[in-house]
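**Q** Pasting in a structure now, in C-alpha coordinates, and then I'll have a few things to ask.
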Amino acid sequence: MRKRLLTWFSDNARDLPWRRDHSPYRVWISEIMCQQTQVATVLPYFERFLSTYPTIRNLADADENQLMRMWEGLGYYRRARSLHAAAKKMVEEHDGEFPESFDDVLALPGIGRYTAGAIQSISRNQAFPILEGNTQRVFSRWIGLTVPPTEKIAQARLWELSDKMLPRRKSDDRSNGPAGFNQAAMELGALICSPRSPKCGECPVATICHANQQGLQDDIPGKISKVQYESRTEIAVVISRDDRYLVRTIPEGVRFAGMIDFPRAGPPEADDVVGMESWLAGQLGGDVTLGMRLKTIKHAVTRYRMTLHVHLGEWNVNSDRVAEDGPMPDSWQWATVDELADMPMSVTGRKIVRLLDRPQRSLFSEL
DNA sequence: AACACGGGGGG
DNA sequence: CCCCCAGTGTT
(Lines give C-alpha, C1' and ligand atoms only; values in the text may rest on other atoms or scores of the structure.)
Protein backbone atom coordinates (compact mmCIF):
# COMPACT_ATOMS: atom_id res chain seq x y z
CA MET A 1 0.00 0.00 0.00
CA ARG A 2 2.62 2.45 1.11
CA LYS A 3 5.01 1.94 -1.79
CA ARG A 4 2.32 2.12 -4.45
CA LEU A 5 0.91 5.24 -2.88
CA LEU A 6 4.30 6.93 -2.71
CA THR A 7 5.07 6.06 -6.32
CA TRP A 8 1.73 7.44 -7.43
CA PHE A 9 2.35 10.61 -5.43
CA SER A 10 5.76 11.24 -6.94
CA ASP A 11 4.14 11.12 -10.38
CA ASN A 12 0.92 13.00 -9.63
CA ALA A 13 1.57 15.45 -6.80
CA ARG A 14 0.29 18.95 -7.41
CA ASP A 15 2.90 21.68 -7.41
CA LEU A 16 1.81 23.55 -4.29
CA PRO A 17 3.73 26.54 -2.95
CA TRP A 18 4.26 25.03 0.51
CA ARG A 19 5.83 21.98 -1.11
CA ARG A 20 8.51 23.96 -2.91
CA ASP A 21 9.59 25.64 0.32
CA HIS A 22 8.41 23.64 3.30
CA SER A 23 9.68 25.76 6.17
CA PRO A 24 7.62 25.28 9.36
CA TYR A 25 6.25 28.80 9.07
CA ARG A 26 4.97 28.29 5.55
CA VAL A 27 3.56 24.84 6.26
CA TRP A 28 1.84 26.21 9.36
CA ILE A 29 0.17 29.02 7.42
CA SER A 30 -0.89 26.65 4.67
CA GLU A 31 -2.35 24.16 7.15
CA ILE A 32 -4.36 26.79 8.99
CA MET A 33 -5.69 28.20 5.71
CA CYS A 34 -6.58 24.72 4.50
CA GLN A 35 -8.70 23.92 7.55
CA GLN A 36 -12.20 23.35 6.20
CA THR A 37 -11.13 25.10 3.00
CA GLN A 38 -10.25 23.64 -0.37
CA VAL A 39 -6.67 23.98 -1.60
CA ALA A 40 -7.70 25.85 -4.74
CA THR A 41 -9.39 28.50 -2.62
CA VAL A 42 -6.31 28.89 -0.43
CA LEU A 43 -3.68 29.42 -3.14
CA PRO A 44 -4.15 33.15 -3.85
CA TYR A 45 -4.54 33.90 -0.16
CA PHE A 46 -1.36 32.00 0.69
CA GLU A 47 0.85 33.90 -1.72
CA ARG A 48 -0.51 37.25 -0.62
CA PHE A 49 -0.19 36.37 3.05
CA LEU A 50 3.42 35.24 2.75
CA SER A 51 4.34 38.35 0.80
CA THR A 52 2.84 40.57 3.47
CA TYR A 53 4.10 38.59 6.46
CA PRO A 54 7.25 36.75 5.35
CA THR A 55 8.35 35.85 8.90
CA ILE A 56 6.92 34.94 12.27
CA ARG A 57 7.96 38.33 13.66
CA ASN A 58 6.27 40.16 10.79
CA LEU A 59 3.08 38.28 11.61
CA ALA A 60 3.41 38.93 15.32
CA ASP A 61 3.77 42.65 14.61
CA ALA A 62 0.88 42.69 12.13
CA ASP A 63 -1.85 45.27 12.39
CA GLU A 64 -4.93 43.34 13.42
CA ASN A 65 -7.19 45.12 10.95
CA GLN A 66 -4.84 44.44 8.07
CA LEU A 67 -4.50 40.83 9.12
CA MET A 68 -8.25 40.32 9.14
CA ARG A 69 -8.47 42.15 5.81
CA MET A 70 -6.02 39.59 4.37
CA TRP A 71 -8.29 36.82 5.58
CA GLU A 72 -11.48 38.35 4.22
CA GLY A 73 -13.42 35.81 2.18
CA LEU A 74 -11.72 32.74 3.64
CA GLY A 75 -14.23 32.41 6.46
CA TYR A 76 -13.73 30.89 9.90
CA TYR A 77 -12.08 34.14 10.92
CA ARG A 78 -11.00 32.88 14.31
CA ARG A 79 -8.20 31.15 12.40
CA ALA A 80 -6.62 34.49 11.57
CA ARG A 81 -6.85 35.68 15.15
CA SER A 82 -5.32 32.43 16.35
CA LEU A 83 -2.47 32.83 13.87
CA HIS A 84 -1.73 36.26 15.28
CA ALA A 85 -1.83 35.02 18.86
CA ALA A 86 0.37 32.05 18.01
CA ALA A 87 2.96 34.27 16.31
CA LYS A 88 3.09 36.51 19.37
CA LYS A 89 3.51 33.47 21.56
CA MET A 90 6.41 32.27 19.43
CA VAL A 91 8.11 35.64 19.80
CA GLU A 92 7.62 35.63 23.56
CA GLU A 93 8.29 32.00 24.38
CA HIS A 94 10.40 30.67 21.52
CA ASP A 95 12.57 33.63 20.61
CA GLY A 96 10.63 34.19 17.40
CA GLU A 97 11.40 30.71 16.11
CA PHE A 98 8.90 28.03 15.24
CA PRO A 99 8.88 25.54 18.16
CA GLU A 100 10.50 22.21 17.45
CA SER A 101 8.70 19.71 19.64
CA PHE A 102 5.27 18.30 18.84
CA ASP A 103 3.95 19.29 22.26
CA ASP A 104 5.09 22.89 21.88
CA VAL A 105 3.49 23.08 18.43
CA LEU A 106 0.28 21.55 19.76
CA ALA A 107 0.20 24.15 22.52
CA LEU A 108 -0.12 26.99 20.01
CA PRO A 109 -3.60 28.46 19.55
CA GLY A 110 -5.49 27.18 16.53
CA ILE A 111 -3.37 24.02 16.31
CA GLY A 112 -4.91 20.67 17.17
CA ARG A 113 -3.71 17.13 16.76
CA TYR A 114 -4.08 17.10 12.99
CA THR A 115 -2.28 20.39 12.33
CA ALA A 116 0.56 19.65 14.76
CA GLY A 117 1.12 16.29 13.09
CA ALA A 118 0.93 17.84 9.64
CA ILE A 119 3.52 20.50 10.47
CA GLN A 120 5.94 18.05 12.09
CA SER A 121 5.66 15.55 9.27
CA ILE A 122 5.42 17.76 6.21
CA SER A 123 7.92 20.35 7.33
CA ARG A 124 10.36 18.26 9.36
CA ASN A 125 9.71 14.75 8.04
CA GLN A 126 8.99 13.54 11.58
CA ALA A 127 6.85 10.46 12.13
CA PHE A 128 3.57 11.92 13.38
CA PRO A 129 0.24 10.68 12.01
CA ILE A 130 -2.51 12.87 10.62
CA LEU A 131 -6.24 12.48 10.22
CA GLU A 132 -8.49 14.92 8.38
CA GLY A 133 -11.24 14.82 5.79
CA ASN A 134 -9.18 13.18 3.05
CA THR A 135 -7.36 10.54 5.07
CA GLN A 136 -10.48 9.78 7.05
CA ARG A 137 -12.18 8.84 3.79
CA VAL A 138 -9.17 7.10 2.21
CA PHE A 139 -8.45 4.92 5.23
CA SER A 140 -12.12 4.18 5.90
CA ARG A 141 -12.54 2.87 2.38
CA TRP A 142 -9.25 1.04 2.43
CA ILE A 143 -10.19 -1.05 5.49
CA GLY A 144 -13.90 -1.13 4.73
CA LEU A 145 -14.86 0.79 7.85
CA THR A 146 -18.63 1.16 7.65
CA VAL A 147 -19.26 2.94 10.94
CA PRO A 148 -19.47 6.72 10.46
CA PRO A 149 -15.96 8.17 10.81
CA THR A 150 -17.16 10.72 13.32
CA GLU A 151 -17.85 8.07 15.93
CA LYS A 152 -15.32 7.72 18.67
CA ILE A 153 -14.44 4.11 17.90
CA ALA A 154 -13.89 4.97 14.24
CA GLN A 155 -11.67 7.91 15.13
CA ALA A 156 -9.57 5.70 17.36
CA ARG A 157 -9.12 3.06 14.67
CA LEU A 158 -8.33 5.62 11.97
CA TRP A 159 -5.73 7.44 14.04
CA GLU A 160 -4.18 4.12 14.92
CA LEU A 161 -4.08 3.12 11.27
CA SER A 162 -2.66 6.46 10.20
CA ASP A 163 0.10 5.96 12.74
CA LYS A 164 0.77 2.36 11.77
CA MET A 165 1.08 3.19 8.08
CA LEU A 166 3.71 5.87 8.68
CA PRO A 167 7.21 5.07 7.38
CA ARG A 168 9.35 4.57 10.49
CA ARG A 169 12.71 3.95 8.94
CA LYS A 170 14.72 7.11 9.24
CA SER A 171 14.93 8.41 5.73
CA ASP A 172 16.74 11.48 4.54
CA ASP A 173 14.56 11.34 1.48
CA ARG A 174 11.43 13.26 2.39
CA SER A 175 9.50 11.74 -0.47
CA ASN A 176 9.75 8.27 1.11
CA GLY A 177 9.34 9.42 4.70
CA PRO A 178 6.45 10.73 6.79
CA ALA A 179 6.44 13.95 4.74
CA GLY A 180 5.80 12.03 1.57
CA PHE A 181 3.37 9.53 3.01
CA ASN A 182 1.08 11.95 4.81
CA GLN A 183 0.85 14.25 1.82
CA ALA A 184 0.39 11.31 -0.53
CA ALA A 185 -2.55 10.00 1.50
CA MET A 186 -4.21 13.40 1.50
CA GLU A 187 -3.50 13.95 -2.18
CA LEU A 188 -5.07 10.61 -3.03
CA GLY A 189 -8.19 11.66 -1.16
CA ALA A 190 -8.27 15.01 -2.93
CA LEU A 191 -7.61 13.79 -6.49
CA ILE A 192 -8.77 10.16 -6.69
CA CYS A 193 -10.60 8.96 -3.60
CA SER A 194 -13.15 11.76 -3.73
CA PRO A 195 -16.29 11.92 -1.60
CA ARG A 196 -18.59 11.21 -4.56
CA SER A 197 -17.74 9.15 -7.62
CA PRO A 198 -14.23 8.12 -6.57
CA LYS A 199 -11.98 7.36 -9.53
CA CYS A 200 -11.18 3.80 -8.50
CA GLY A 201 -10.07 3.03 -12.05
CA GLU A 202 -7.14 5.42 -11.61
CA CYS A 203 -6.37 4.51 -8.00
CA PRO A 204 -2.93 3.01 -7.32
CA VAL A 205 -4.23 0.95 -4.40
CA ALA A 206 -7.66 -0.06 -5.71
CA THR A 207 -6.69 -3.73 -5.88
CA ILE A 208 -6.05 -3.84 -2.14
CA CYS A 209 -8.92 -1.56 -1.16
CA HIS A 210 -11.63 -3.24 0.88
CA ALA A 211 -14.35 -0.86 -0.26
CA ASN A 212 -13.41 -1.27 -3.91
CA GLN A 213 -13.36 -5.04 -3.68
CA GLN A 214 -16.85 -5.08 -2.15
CA GLY A 215 -18.22 -2.26 -4.27
CA LEU A 216 -18.80 -0.15 -1.16
CA GLN A 217 -16.91 2.92 -2.27
CA ASP A 218 -20.14 4.91 -2.56
CA ASP A 219 -21.34 3.84 0.89
CA ILE A 220 -18.12 4.56 2.78
CA PRO A 221 -17.68 6.74 4.67
CA GLY A 222 -21.22 6.64 5.98
CA LYS A 223 -23.45 9.63 6.17
CA ILE A 224 -22.04 12.28 8.46
CA SER A 225 -24.49 15.06 7.72
CA LYS A 226 -26.41 16.18 10.73
CA VAL A 227 -26.45 19.79 9.69
CA GLN A 228 -29.76 21.53 9.85
CA TYR A 229 -29.86 24.26 7.26
CA GLU A 230 -31.42 27.42 8.58
CA SER A 231 -33.01 30.19 6.58
CA ARG A 232 -32.43 33.60 8.11
CA THR A 233 -33.61 37.04 7.16
CA GLU A 234 -31.58 39.97 8.42
CA ILE A 235 -31.61 43.71 7.88
CA ALA A 236 -28.59 45.95 7.37
CA VAL A 237 -28.78 49.73 7.40
CA VAL A 238 -26.78 52.30 5.48
CA ILE A 239 -26.68 55.56 7.40
CA SER A 240 -24.59 58.33 5.87
CA ARG A 241 -23.38 61.74 6.89
CA ASP A 242 -21.13 63.87 4.70
CA ASP A 243 -19.88 60.97 2.55
CA ARG A 244 -19.23 58.87 5.61
CA TYR A 245 -21.08 55.78 6.65
CA LEU A 246 -21.96 54.47 10.06
CA VAL A 247 -20.20 51.21 10.95
CA ARG A 248 -19.07 49.46 14.08
CA THR A 249 -16.34 47.12 15.24
CA ILE A 250 -17.69 43.73 16.25
CA PRO A 251 -16.70 42.95 19.86
CA GLU A 252 -14.70 39.95 21.00
CA GLY A 253 -16.32 36.62 21.51
CA VAL A 254 -19.01 36.78 18.82
CA ARG A 255 -19.09 36.04 15.13
CA PHE A 256 -17.09 38.48 12.98
CA ALA A 257 -15.12 39.46 16.09
CA GLY A 258 -12.69 42.25 15.27
CA MET A 259 -14.28 43.01 11.93
CA ILE A 260 -16.21 46.04 10.77
CA ASP A 261 -19.90 45.87 9.91
CA PHE A 262 -22.83 48.05 9.01
CA PRO A 263 -25.65 48.10 11.53
CA ARG A 264 -27.15 44.68 11.10
CA ALA A 265 -29.59 42.50 13.00
CA GLY A 266 -32.05 39.68 12.58
CA PRO A 267 -34.32 37.67 14.84
CA PRO A 268 -34.55 37.74 17.76
CA GLU A 269 -33.16 41.30 17.98
CA ALA A 270 -35.02 42.56 14.93
CA ASP A 271 -37.82 40.69 13.18
CA ASP A 272 -38.67 43.41 10.66
CA VAL A 273 -38.04 47.03 9.70
CA VAL A 274 -39.80 48.40 12.77
CA GLY A 275 -37.95 45.99 15.01
CA MET A 276 -34.70 47.05 13.40
CA GLU A 277 -35.45 50.71 14.02
CA SER A 278 -35.99 50.16 17.71
CA TRP A 279 -33.08 47.80 18.10
CA LEU A 280 -30.69 50.20 16.41
CA ALA A 281 -32.05 53.18 18.32
CA GLY A 282 -31.34 51.22 21.47
CA GLN A 283 -27.77 50.66 20.36
CA LEU A 284 -27.06 54.21 19.27
CA GLY A 285 -29.38 56.39 21.31
CA GLY A 286 -31.73 58.82 19.62
CA ASP A 287 -34.13 57.78 16.88
CA VAL A 288 -33.56 55.66 13.81
CA THR A 289 -35.81 55.65 10.75
CA LEU A 290 -35.35 53.19 7.94
CA GLY A 291 -35.90 54.33 4.37
CA MET A 292 -35.98 52.64 1.01
CA ARG A 293 -34.56 49.18 0.42
CA LEU A 294 -31.42 49.42 -1.67
CA LYS A 295 -30.94 45.73 -2.36
CA THR A 296 -31.62 42.26 -1.13
CA ILE A 297 -28.56 40.04 -0.91
CA LYS A 298 -28.81 36.27 -0.87
CA HIS A 299 -25.87 34.60 0.77
CA ALA A 300 -25.30 30.95 1.67
CA VAL A 301 -22.65 30.39 4.28
CA THR A 302 -21.92 27.35 6.43
CA ARG A 303 -25.33 26.09 7.47
CA TYR A 304 -27.12 29.39 6.99
CA ARG A 305 -29.17 30.49 4.01
CA MET A 306 -29.35 34.20 4.50
CA THR A 307 -31.52 36.86 2.95
CA LEU A 308 -30.15 40.28 3.80
CA HIS A 309 -32.29 43.36 3.16
CA VAL A 310 -30.15 46.48 2.87
CA HIS A 311 -32.02 49.67 3.73
CA LEU A 312 -31.12 53.32 3.78
CA GLY A 313 -31.61 54.83 7.20
CA GLU A 314 -31.46 58.05 9.16
CA TRP A 315 -30.20 58.55 12.65
CA ASN A 316 -31.57 61.54 14.54
CA VAL A 317 -29.60 62.24 17.64
CA ASN A 318 -31.93 63.97 20.01
CA SER A 319 -31.21 62.34 23.30
CA ASP A 320 -28.95 63.56 26.05
CA ARG A 321 -26.85 60.46 25.73
CA VAL A 322 -25.19 61.44 22.49
CA ALA A 323 -24.76 65.03 21.47
CA GLU A 324 -24.98 65.91 17.79
CA ASP A 325 -21.25 66.39 17.44
CA GLY A 326 -20.29 64.48 20.54
CA PRO A 327 -18.43 61.23 20.81
CA MET A 328 -19.80 58.17 19.06
CA PRO A 329 -21.08 55.34 21.18
CA ASP A 330 -18.40 52.77 21.90
CA SER A 331 -17.22 50.81 18.87
CA TRP A 332 -19.18 52.90 16.34
CA GLN A 333 -17.53 55.18 13.81
CA TRP A 334 -18.10 57.10 10.58
CA ALA A 335 -16.02 55.89 7.64
CA THR A 336 -15.61 56.94 4.01
CA VAL A 337 -15.75 54.42 1.19
CA ASP A 338 -11.98 54.70 0.87
CA GLU A 339 -11.53 53.95 4.55
CA LEU A 340 -13.95 51.05 4.37
CA ALA A 341 -11.83 49.57 1.60
CA ASP A 342 -9.04 48.90 4.10
CA MET A 343 -11.26 47.59 6.88
CA PRO A 344 -11.97 43.89 7.38
CA MET A 345 -15.57 42.98 6.66
CA SER A 346 -17.70 39.94 6.07
CA VAL A 347 -18.50 39.06 2.47
CA THR A 348 -21.97 40.56 2.78
CA GLY A 349 -20.55 43.67 4.41
CA ARG A 350 -18.17 44.07 1.48
CA LYS A 351 -21.08 43.71 -0.94
CA ILE A 352 -22.79 46.61 0.78
CA VAL A 353 -19.65 48.71 0.38
CA ARG A 354 -19.69 47.96 -3.32
CA LEU A 355 -23.24 49.27 -3.49
CA LEU A 356 -21.99 52.58 -2.16
CA ASP A 357 -19.09 52.74 -4.53
CA ARG A 358 -21.16 52.64 -7.69
CA PRO A 359 -23.37 54.95 -9.72
CA GLN A 360 -26.06 54.67 -7.08
CA ARG A 361 -23.85 56.78 -4.98
CA SER A 362 -25.25 59.89 -6.62
CA LEU A 363 -28.62 58.63 -5.57
CA PHE A 364 -27.61 58.82 -1.94
CA SER A 365 -26.25 62.29 -2.02
CA GLU A 366 -29.67 63.59 -2.98
CA LEU A 367 -31.33 61.98 0.00
C1' DA B 1 -20.63 14.17 22.08
C1' DA B 2 -22.57 18.08 20.03
C1' DC B 3 -22.15 22.51 18.35
C1' DA B 4 -20.34 26.96 16.34
C1' DC B 5 -17.70 28.71 12.92
C1' DG B 6 -21.25 33.58 9.05
C1' DG B 7 -16.68 31.14 2.99
C1' DG B 8 -16.58 28.78 -1.24
C1' DG B 9 -16.50 25.01 -4.64
C1' DG B 10 -18.66 21.15 -6.88
C1' DG B 11 -22.28 17.95 -8.12
C1' DC C 1 -30.28 22.73 -3.22
C1' DC C 2 -27.07 19.77 -0.64
C1' DC C 3 -22.57 18.21 0.73
C1' DC C 4 -17.87 18.67 1.72
C1' DC C 5 -13.57 21.01 2.50
C1' DA C 6 -5.46 19.53 4.74
C1' DG C 7 -10.32 21.17 12.01
C1' DT C 8 -10.30 23.65 16.39
C1' DG C 9 -12.23 25.37 20.52
C1' DT C 10 -16.09 25.46 23.49
C1' DT C 11 -20.04 23.68 26.00
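Chains: A, B, ... in order of the C-alpha coordinates. Residues: from 1 per chain. Ligands: from 1, in order shown.
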Which residues, written as an MDAnalysis selection string, have at least one atom at most 10 Å from DG9 in chain C, with only C-alpha atoms (C1' of nucleotides) counted and residues fewer than 5 positions away on the same chain left out?
**A** (chainID A and resid 78 109:112) or (chainID B and resid 4:5)
**Q** For the residues in the current selection, export N, CA and C atoms (P, O5', C5', C4', C3', O3' and C1' of nucleotides) as an mmCIF file, in the first residue's frame.
**A**
```cif
data_model
loop_
_atom_site.group_PDB
_atom_site.id
_atom_site.type_symbol
_atom_site.label_atom_id
_atom_site.label_comp_id
_atom_site.auth_asym_id
_atom_site.auth_seq_id
_atom_site.Cartn_x
_atom_site.Cartn_y
_atom_site.Cartn_z
ATOM 1 N N ARG A 78 -11.773 33.114 13.090
ATOM 2 C CA ARG A 78 -10.996 32.878 14.306
ATOM 3 C C ARG A 78 -9.607 32.340 13.963
ATOM 4 N N PRO A 109 -2.168 28.303 19.831
ATOM 5 C CA PRO A 109 -3.601 28.462 19.554
ATOM 6 C C PRO A 109 -3.936 28.165 18.092
ATOM 7 N N GLY A 110 -5.046 27.495 17.880
ATOM 8 C CA GLY A 110 -5.488 27.179 16.533
ATOM 9 C C GLY A 110 -4.884 25.909 15.978
ATOM 10 N N ILE A 111 -4.025 25.257 16.773
ATOM 11 C CA ILE A 111 -3.374 24.023 16.315
ATOM 12 C C ILE A 111 -3.846 22.851 17.158
ATOM 13 N N GLY A 112 -4.466 21.885 16.499
ATOM 14 C CA GLY A 112 -4.910 20.674 17.168
ATOM 15 C C GLY A 112 -4.040 19.499 16.746
ATOM 16 P P DA B 4 -25.018 25.283 16.964
ATOM 17 O "O5'" DA B 4 -23.779 26.269 16.881
ATOM 18 C "C5'" DA B 4 -23.320 26.921 18.067
ATOM 19 C "C4'" DA B 4 -22.065 27.704 17.736
ATOM 20 C "C3'" DA B 4 -22.150 28.475 16.411
ATOM 21 O "O3'" DA B 4 -21.557 29.745 16.598
ATOM 22 C "C1'" DA B 4 -20.335 26.955 16.345
ATOM 23 P P DC B 5 -21.716 30.847 15.485
ATOM 24 O "O5'" DC B 5 -20.377 30.663 14.650
ATOM 25 C "C5'" DC B 5 -19.131 30.857 15.303
ATOM 26 C "C4'" DC B 5 -18.031 30.482 14.349
ATOM 27 C "C3'" DC B 5 -18.273 30.962 12.910
ATOM 28 O "O3'" DC B 5 -17.076 31.525 12.408
ATOM 29 C "C1'" DC B 5 -17.703 28.709 12.920
#
```
**Q** Report as a PyMOL selection string all protein, DNA and RNA residues lying within 9 Å of Thr55 in chain A, evaluated on only C-alpha atoms (C1' of nucleotides), omitting residues in the same chain fewer than 2 positions from it.
**A** chain A and resi 25-26+50+53+57-60+96
**Q** Write to file, as a PDB file, in the first residue's frame, the residues of the selection just made, with all heavy atoms.
**A**
```pdb
ATOM      1  N   TYR A  25       7.140  27.636   9.130  1.00  0.00           N
ATOM      2  CA  TYR A  25       6.254  28.797   9.074  1.00  0.00           C
ATOM      3  C   TYR A  25       5.291  28.705   7.897  1.00  0.00           C
ATOM      4  O   TYR A  25       4.088  28.886   8.029  1.00  0.00           O
ATOM      5  CB  TYR A  25       7.098  30.076   8.984  1.00  0.00           C
ATOM      6  CG  TYR A  25       6.271  31.342   8.865  1.00  0.00           C
ATOM      7  CD1 TYR A  25       5.455  31.757   9.911  1.00  0.00           C
ATOM      8  CD2 TYR A  25       6.318  32.117   7.703  1.00  0.00           C
ATOM      9  CE1 TYR A  25       4.704  32.919   9.807  1.00  0.00           C
ATOM     10  CE2 TYR A  25       5.581  33.276   7.594  1.00  0.00           C
ATOM     11  CZ  TYR A  25       4.773  33.679   8.648  1.00  0.00           C
ATOM     12  OH  TYR A  25       4.033  34.822   8.535  1.00  0.00           O
ATOM     13  N   ARG A  26       5.833  28.381   6.737  1.00  0.00           N
ATOM     14  CA  ARG A  26       4.974  28.286   5.549  1.00  0.00           C
ATOM     15  C   ARG A  26       3.989  27.126   5.645  1.00  0.00           C
ATOM     16  O   ARG A  26       2.816  27.258   5.276  1.00  0.00           O
ATOM     17  CB  ARG A  26       5.844  28.124   4.292  1.00  0.00           C
ATOM     18  CG  ARG A  26       6.595  29.393   3.910  1.00  0.00           C
ATOM     19  CD  ARG A  26       7.631  29.100   2.827  1.00  0.00           C
ATOM     20  NE  ARG A  26       7.029  28.617   1.594  1.00  0.00           N
ATOM     21  CZ  ARG A  26       6.644  29.404   0.587  1.00  0.00           C
ATOM     22  NH1 ARG A  26       6.796  30.705   0.692  1.00  0.00           N
ATOM     23  NH2 ARG A  26       6.100  28.889  -0.501  1.00  0.00           N
ATOM     24  N   LEU A  50       1.976  35.403   2.566  1.00  0.00           N
ATOM     25  CA  LEU A  50       3.420  35.235   2.750  1.00  0.00           C
ATOM     26  C   LEU A  50       4.200  36.449   2.266  1.00  0.00           C
ATOM     27  O   LEU A  50       5.264  36.760   2.792  1.00  0.00           O
ATOM     28  CB  LEU A  50       3.896  33.973   2.024  1.00  0.00           C
ATOM     29  CG  LEU A  50       3.965  32.700   2.859  1.00  0.00           C
ATOM     30  CD1 LEU A  50       5.099  32.794   3.889  1.00  0.00           C
ATOM     31  CD2 LEU A  50       2.659  32.420   3.586  1.00  0.00           C
ATOM     32  N   TYR A  53       3.486  39.005   5.187  1.00  0.00           N
ATOM     33  CA  TYR A  53       4.096  38.593   6.461  1.00  0.00           C
ATOM     34  C   TYR A  53       5.090  37.464   6.208  1.00  0.00           C
ATOM     35  O   TYR A  53       4.798  36.299   6.431  1.00  0.00           O
ATOM     36  CB  TYR A  53       3.018  38.129   7.444  1.00  0.00           C
ATOM     37  CG  TYR A  53       1.856  39.082   7.591  1.00  0.00           C
ATOM     38  CD1 TYR A  53       0.572  38.692   7.220  1.00  0.00           C
ATOM     39  CD2 TYR A  53       2.034  40.367   8.106  1.00  0.00           C
ATOM     40  CE1 TYR A  53      -0.504  39.559   7.362  1.00  0.00           C
ATOM     41  CE2 TYR A  53       0.973  41.236   8.242  1.00  0.00           C
ATOM     42  CZ  TYR A  53      -0.298  40.830   7.857  1.00  0.00           C
ATOM     43  OH  TYR A  53      -1.349  41.689   7.996  1.00  0.00           O
ATOM     44  N   ARG A  57       7.966  37.016  12.987  1.00  0.00           N
ATOM     45  CA  ARG A  57       7.963  38.325  13.656  1.00  0.00           C
ATOM     46  C   ARG A  57       7.105  39.337  12.892  1.00  0.00           C
ATOM     47  O   ARG A  57       6.420  40.151  13.495  1.00  0.00           O
ATOM     48  CB  ARG A  57       9.404  38.840  13.805  1.00  0.00           C
ATOM     49  CG  ARG A  57      10.192  38.101  14.871  1.00  0.00           C
ATOM     50  CD  ARG A  57      11.575  38.724  15.106  1.00  0.00           C
ATOM     51  NE  ARG A  57      12.390  37.884  15.981  1.00  0.00           N
ATOM     52  CZ  ARG A  57      12.288  37.876  17.304  1.00  0.00           C
ATOM     53  NH1 ARG A  57      11.421  38.684  17.909  1.00  0.00           N
ATOM     54  NH2 ARG A  57      13.048  37.081  18.026  1.00  0.00           N
ATOM     55  N   ASN A  58       7.145  39.272  11.574  1.00  0.00           N
ATOM     56  CA  ASN A  58       6.268  40.157  10.788  1.00  0.00           C
ATOM     57  C   ASN A  58       4.812  39.902  11.142  1.00  0.00           C
ATOM     58  O   ASN A  58       4.024  40.833  11.291  1.00  0.00           O
ATOM     59  CB  ASN A  58       6.453  39.906   9.296  1.00  0.00           C
ATOM     60  CG  ASN A  58       7.826  40.324   8.803  1.00  0.00           C
ATOM     61  OD1 ASN A  58       8.390  39.689   7.922  1.00  0.00           O
ATOM     62  ND2 ASN A  58       8.376  41.377   9.374  1.00  0.00           N
ATOM     63  N   LEU A  59       4.467  38.635  11.283  1.00  0.00           N
ATOM     64  CA  LEU A  59       3.082  38.283  11.608  1.00  0.00           C
ATOM     65  C   LEU A  59       2.725  38.719  13.030  1.00  0.00           C
ATOM     66  O   LEU A  59       1.638  39.245  13.270  1.00  0.00           O
ATOM     67  CB  LEU A  59       2.875  36.777  11.442  1.00  0.00           C
ATOM     68  CG  LEU A  59       1.493  36.233  11.775  1.00  0.00           C
ATOM     69  CD1 LEU A  59       0.405  36.959  10.996  1.00  0.00           C
ATOM     70  CD2 LEU A  59       1.420  34.735  11.488  1.00  0.00           C
ATOM     71  N   ALA A  60       3.669  38.518  13.940  1.00  0.00           N
ATOM     72  CA  ALA A  60       3.414  38.927  15.324  1.00  0.00           C
ATOM     73  C   ALA A  60       3.173  40.431  15.420  1.00  0.00           C
ATOM     74  O   ALA A  60       2.370  40.889  16.232  1.00  0.00           O
ATOM     75  CB  ALA A  60       4.583  38.508  16.218  1.00  0.00           C
ATOM     76  N   GLY A  96      11.012  33.891  18.783  1.00  0.00           N
ATOM     77  CA  GLY A  96      10.634  34.192  17.405  1.00  0.00           C
ATOM     78  C   GLY A  96      10.841  33.048  16.430  1.00  0.00           C
ATOM     79  O   GLY A  96      10.665  33.216  15.229  1.00  0.00           O
TER      80      GLY A  96
END
```
**Q** So how many Å separate CA of Arg244 in chain A and CA of Trp334 in chain A, to one decimal?
**A**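 CA of Trp334 in chain A lies at a distance of 5.4 Å from CA of Arg244 in chain A.
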**Q** Which is closer to chain C than all the others in A:Trp279, A:Phe9, A:Tyr229, A:Phe181, using only C-alpha atoms (C1' of nucleotides)?
**A**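 Looking only at the distances to chain C, the closest residue turns out to be A:Tyr229.
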**Q** Within 6 Å of chain C, which residues of chain A show up when using only C-alpha atoms (C1' of nucleotides), listed as JSON, numbers by chain?
**A** {"A": [34, 35, 36, 37, 38, 110]}
**Q** Would you list which chain B residues are within 9 Å of chain A using only C-alpha atoms (C1' of nucleotides), as a PyMOL selection string?
**A** chain B and resi 5-9+11
